[in-house]
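Notes for the one structure printed next.
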Amino acid sequence: MSGSAVIDGKLVRVESGDAILEAARKAGIRIPTLCYDRRVQPSGTCRLCIVKIKGRGRPVASCAQAIQDGMEVITEDPALRDWRRTILKLVASENPAGDCAKCIEIGPCELHRLTREYEVDTGSYHGTTSGRRLDDANPFIVRDYSRCIYCYRCTRVCGEVEQAHAIIPAGRGFRSRIATPFDTGLLESPCTFCGQCVQTCPTSALMDKKMLGKARAEEVTRVRTICPFCGTGCGINVHVAKEKVIGVTPDWTAPANQGSLCVKGQFGVDFIHSPDRLTTPLIRKNGRLSEASWDEAYELIAAKFSQIKRESGGGAFAFWSSSRGTSESNYLMQKFARAVIGSNNIDNCART
């Protein structure tokens with residue numbers, strides 16, 4: 001079922017089940033949000049996306065209000081702007097802009113990007129928060145709930161998308177907080193360290209621990225590429241500063257993952273600059289590994305392979321191919337295994 005509606009004087013197509021916010025975005029009309037993540041069910045928590053509907057007395061949350069055929073919607077006027085500015089003042093009272101680690105080191109967080117857009121004085125109100133920075137021993141995620149604005153995007157992504165339920169809402173009223181089951185650290189929780197809570201968080205309450213202390217935000221360049229770990233082809237943005245890769249964020253436009261990553265894709269890029277990476281072949285001589293030339297290494301491999309095949313046959317070999325290689329490289333590996341060595345014992349890490 002479809003129809004049409006008018007948003008800010010623009011005629012837009014209405015799809016059955018679409019919220020006003022979704023219809024507006026499809027039409028290229030931006031409505032600000034803080035608690036909205038398109039991957040989870042809308043909650044209407046932050047009320048920043050309020051809009052006016054002709055014929056109704058009160059504004060509604062556009063993320064949770066279905067659009068209907070013939071509806072006329074206003075997304076921006078002086079009154080709506082004042083309401084949003086007041087909401088941002090209240091939210092920012094517990095989250096001042098000047099010392100936001102995400103803004104300083106990783107890039108502007110959603111909250112402070114909006115406070116600048118709406119020219120909000122973050123010192124208008126003086127709030128208190130029940131949250132605190134937790135001393136979580138995990139190596140990947142900073143949990144600083146003194147910066148939490150209780151949008152619950154992290155808990156909803158963890159529960160609805162990842163199905164991990166590693167972080168959950170807890171408490172009531174002024175004692176509301178984000179917690180893990182039984183208040184353990186993330187290492188003791190069902191957390192898979194996919195990093196989706198970090199990427200959806202609109203403040204610095206959840207951050208990539210590995211990216212902190214590496215550079216200032218203005219020194220960072222983002223390079224769009226493909227994750228090197230398996231054959232899925234997830235899109236990522238590699239953060240580069242001072243000629244080094246300092247971290248990764250997901251590419252939300254990539255069709256393979258649409259913003260989701262696994263623990264390796266999200267946090268495993270530090271292998272790039274590891275001092276343990278080999279830069280030259282090593283050959284074991286007299287029980288010790290010694291550097292060798294490529295020709296020397298290839299000659300040894302060919303001699304050993306010939307000896308094993310001659311003595312035990314091709315079935316004595318097993319081959320393990322890598323999805324970090326190209327399709328052509330993997331094809332050559334299986335061709336070498338089957339046609340040259342005579343073994344069908346070949347597998348690939350993408351299957352695990």
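Ordering of the structure tokens sets the chain letters (A, B, ...), residue numbers begin anew at 1 in every chain, and ligands are numbered from 1 in the order given.
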Could I get the residues of region 209-315 of chain A with an atom no further than 10 Å from an atom of region 95-102 of chain A, each paired with its nearest atom pair and that distance in Å to one decimal, using only C-alpha atoms, sorted by chain and residue number, as CSV?
residue,atom,partner,partner_atom,distance
A:Met211,CA,A:Lys102,CA,9.7
A:Leu212,CA,A:Ala101,CA,8.0
A:Gly213,CA,A:Ala101,CA,9.5
A:Arg216,CA,A:Ala101,CA,9.6
A:Ala217,CA,A:Lys102,CA,8.4
File dump, residues just selected, N, CA and C atoms, as an mmCIF file, in the first residue's frame:
data_model
loop_
_atom_site.group_PDB
_atom_site.id
_atom_site.type_symbol
_atom_site.label_atom_id
_atom_site.label_comp_id
_atom_site.auth_asym_id
_atom_site.auth_seq_id
_atom_site.Cartn_x
_atom_site.Cartn_y
_atom_site.Cartn_z
ATOM 1 N N MET A 211 41.904 3.295 19.927
ATOM 2 C CA MET A 211 42.100 4.512 19.147
ATOM 3 C C MET A 211 42.455 5.717 20.009
ATOM 4 N N LEU A 212 42.267 5.614 21.299
ATOM 5 C CA LEU A 212 42.524 6.748 22.175
ATOM 6 C C LEU A 212 44.018 6.924 22.423
ATOM 7 N N GLY A 213 44.431 8.183 22.512
ATOM 8 C CA GLY A 213 45.823 8.492 22.782
ATOM 9 C C GLY A 213 46.739 8.390 21.582
ATOM 10 N N ARG A 216 45.035 13.496 17.394
ATOM 11 C CA ARG A 216 43.888 14.384 17.495
ATOM 12 C C ARG A 216 43.019 14.206 16.257
ATOM 13 N N ALA A 217 41.745 14.521 16.394
ATOM 14 C CA ALA A 217 40.790 14.263 15.318
ATOM 15 C C ALA A 217 41.191 14.944 14.014
#
Considering only C-alpha atoms, return as a VMD selection string whatever protein or nucleic-acid residues lie within 7 Å of Cys201 (chain A), sequence-local ones (same chain, fewer than 5 positions apart) excluded. chain A and resid 153 to 154 206
Rank A:Gln266, A:Ser321, A:Ser4, A:Thr221 by their smallest atom-to-atom distance to Ala23 (chain A), using only C-alpha atoms, and report the top residue only.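 Smallest distance to Ala23 (chain A) is found for A:Ser4.
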9 Å contact set for Glu162 (chain A), only C-alpha atoms, chain neighbours under 4 positions out, as a list in words: Val157, Cys158, Thr192, Cys194 and Gln196 of chain A
Using N, CA and C atoms, can you write the selected residues to a file as a PDB file, in the first residue's frame?
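Final file, selection.pdb:
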ATOM      1  N   VAL A 157      20.875  -2.171  20.139  1.00  0.00           N
ATOM      2  CA  VAL A 157      21.693  -2.810  19.105  1.00  0.00           C
ATOM      3  C   VAL A 157      22.251  -4.136  19.615  1.00  0.00           C
ATOM      4  N   CYS A 158      22.722  -4.141  20.857  1.00  0.00           N
ATOM      5  CA  CYS A 158      23.286  -5.359  21.442  1.00  0.00           C
ATOM      6  C   CYS A 158      22.229  -6.461  21.548  1.00  0.00           C
ATOM      7  N   THR A 192      30.508 -10.124  22.468  1.00  0.00           N
ATOM      8  CA  THR A 192      31.353 -10.680  21.403  1.00  0.00           C
ATOM      9  C   THR A 192      32.347  -9.657  20.888  1.00  0.00           C
ATOM     10  N   CYS A 194      31.855  -7.003  19.089  1.00  0.00           N
ATOM     11  CA  CYS A 194      31.611  -6.606  17.700  1.00  0.00           C
ATOM     12  C   CYS A 194      31.806  -5.105  17.514  1.00  0.00           C
ATOM     13  N   GLN A 196      29.575  -2.752  17.939  1.00  0.00           N
ATOM     14  CA  GLN A 196      28.399  -2.012  17.477  1.00  0.00           C
ATOM     15  C   GLN A 196      27.881  -1.029  18.517  1.00  0.00           C
TER      16      GLN A 196
END
I need the residues in region 15-156 of chain A that are strand (DSSP E) according to DSSP; give them as a ChimeraX atom specification. /A:15,50-53,60-61,72-74,141-143
File of the preceding selection, C-alpha atoms, as a PDB file, in the first residue's frame:
ATOM      1  CA  GLU A  15       5.243   3.507   1.725  1.00  0.00           C
ATOM      2  CA  ILE A  50       9.604  16.059  16.953  1.00  0.00           C
ATOM      3  CA  VAL A  51       7.582  17.424  14.039  1.00  0.00           C
ATOM      4  CA  LYS A  52       4.211  19.082  13.564  1.00  0.00           C
ATOM      5  CA  ILE A  53       1.317  17.438  11.764  1.00  0.00           C
ATOM      6  CA  VAL A  60       4.998  14.016  17.654  1.00  0.00           C
ATOM      7  CA  ALA A  61       8.206  11.985  17.554  1.00  0.00           C
ATOM      8  CA  GLU A  72       0.995  17.300   5.948  1.00  0.00           C
ATOM      9  CA  VAL A  73       4.148  17.511   8.056  1.00  0.00           C
ATOM     10  CA  ILE A  74       6.341  20.413   9.162  1.00  0.00           C
ATOM     11  CA  ILE A 141      35.948  -0.742  24.789  1.00  0.00           C
ATOM     12  CA  VAL A 142      35.984   2.267  27.133  1.00  0.00           C
ATOM     13  CA  ARG A 143      32.818   2.486  29.250  1.00  0.00           C
TER      14      ARG A 143
END
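Counting only C-alpha atoms, the residue from A:Arg81, A:Arg39, A:His239, A:Lys209 that sits nearest to Val223 (chain A) is A:His239.
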Find the residues near Ser93 (chain A): any atom within 12 Å, counting only C-alpha atoms, skip ones fewer than 6 places away on the same chain, and give them as a list in words.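 Surrounding residues, per the criterion: Thr86, Ile87, Leu111, His112, Thr115, Val120, Asp121, Thr122, Gly123, Ser124, Tyr125, His126, Gly127, Thr128, Thr129, Ser146, Arg147, Cys148 and Ile149 of chain A.
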Writer output for current selection, C-alpha atoms, as a PDB file, in the first residue's frame:
ATOM      1  CA  THR A  86      15.995  23.252  24.929  1.00  0.00           C
ATOM      2  CA  ILE A  87      16.253  19.455  24.696  1.00  0.00           C
ATOM      3  CA  LEU A 111      25.570  15.208  20.438  1.00  0.00           C
ATOM      4  CA  HIS A 112      28.157  17.969  20.167  1.00  0.00           C
ATOM      5  CA  THR A 115      24.859  21.484  19.924  1.00  0.00           C
ATOM      6  CA  VAL A 120      23.461  25.595  22.227  1.00  0.00           C
ATOM      7  CA  ASP A 121      25.175  26.902  25.345  1.00  0.00           C
ATOM      8  CA  THR A 122      26.140  23.652  27.069  1.00  0.00           C
ATOM      9  CA  GLY A 123      26.439  25.475  30.398  1.00  0.00           C
ATOM     10  CA  SER A 124      22.819  26.665  30.507  1.00  0.00           C
ATOM     11  CA  TYR A 125      21.847  23.977  33.011  1.00  0.00           C
ATOM     12  CA  HIS A 126      23.812  22.142  35.651  1.00  0.00           C
ATOM     13  CA  GLY A 127      22.925  18.482  35.684  1.00  0.00           C
ATOM     14  CA  THR A 128      24.100  15.431  37.545  1.00  0.00           C
ATOM     15  CA  THR A 129      24.448  11.898  36.294  1.00  0.00           C
ATOM     16  CA  SER A 146      29.361   9.758  33.117  1.00  0.00           C
ATOM     17  CA  ARG A 147      28.904  10.713  29.438  1.00  0.00           C
ATOM     18  CA  CYS A 148      25.791   8.587  28.899  1.00  0.00           C
ATOM     19  CA  ILE A 149      22.594  10.351  27.794  1.00  0.00           C
TER      20      ILE A 149
END
Region 322-333 of chain A environment, 12 Å, only C-alpha atoms, sequence neighbours closer than 4 positions dropped, as a PyMOL selection string: chain A and resi 226-233+318+337-341+343-352
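The coordinates place CA of Ser306 (chain A) at 17.4 Å from CA of Ile283 (chain A).
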State, in Å with one decimal place, the distance from CA of Arg58 (chain A) to CA of Leu80 (chain A).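 The value is 11.0 Å.
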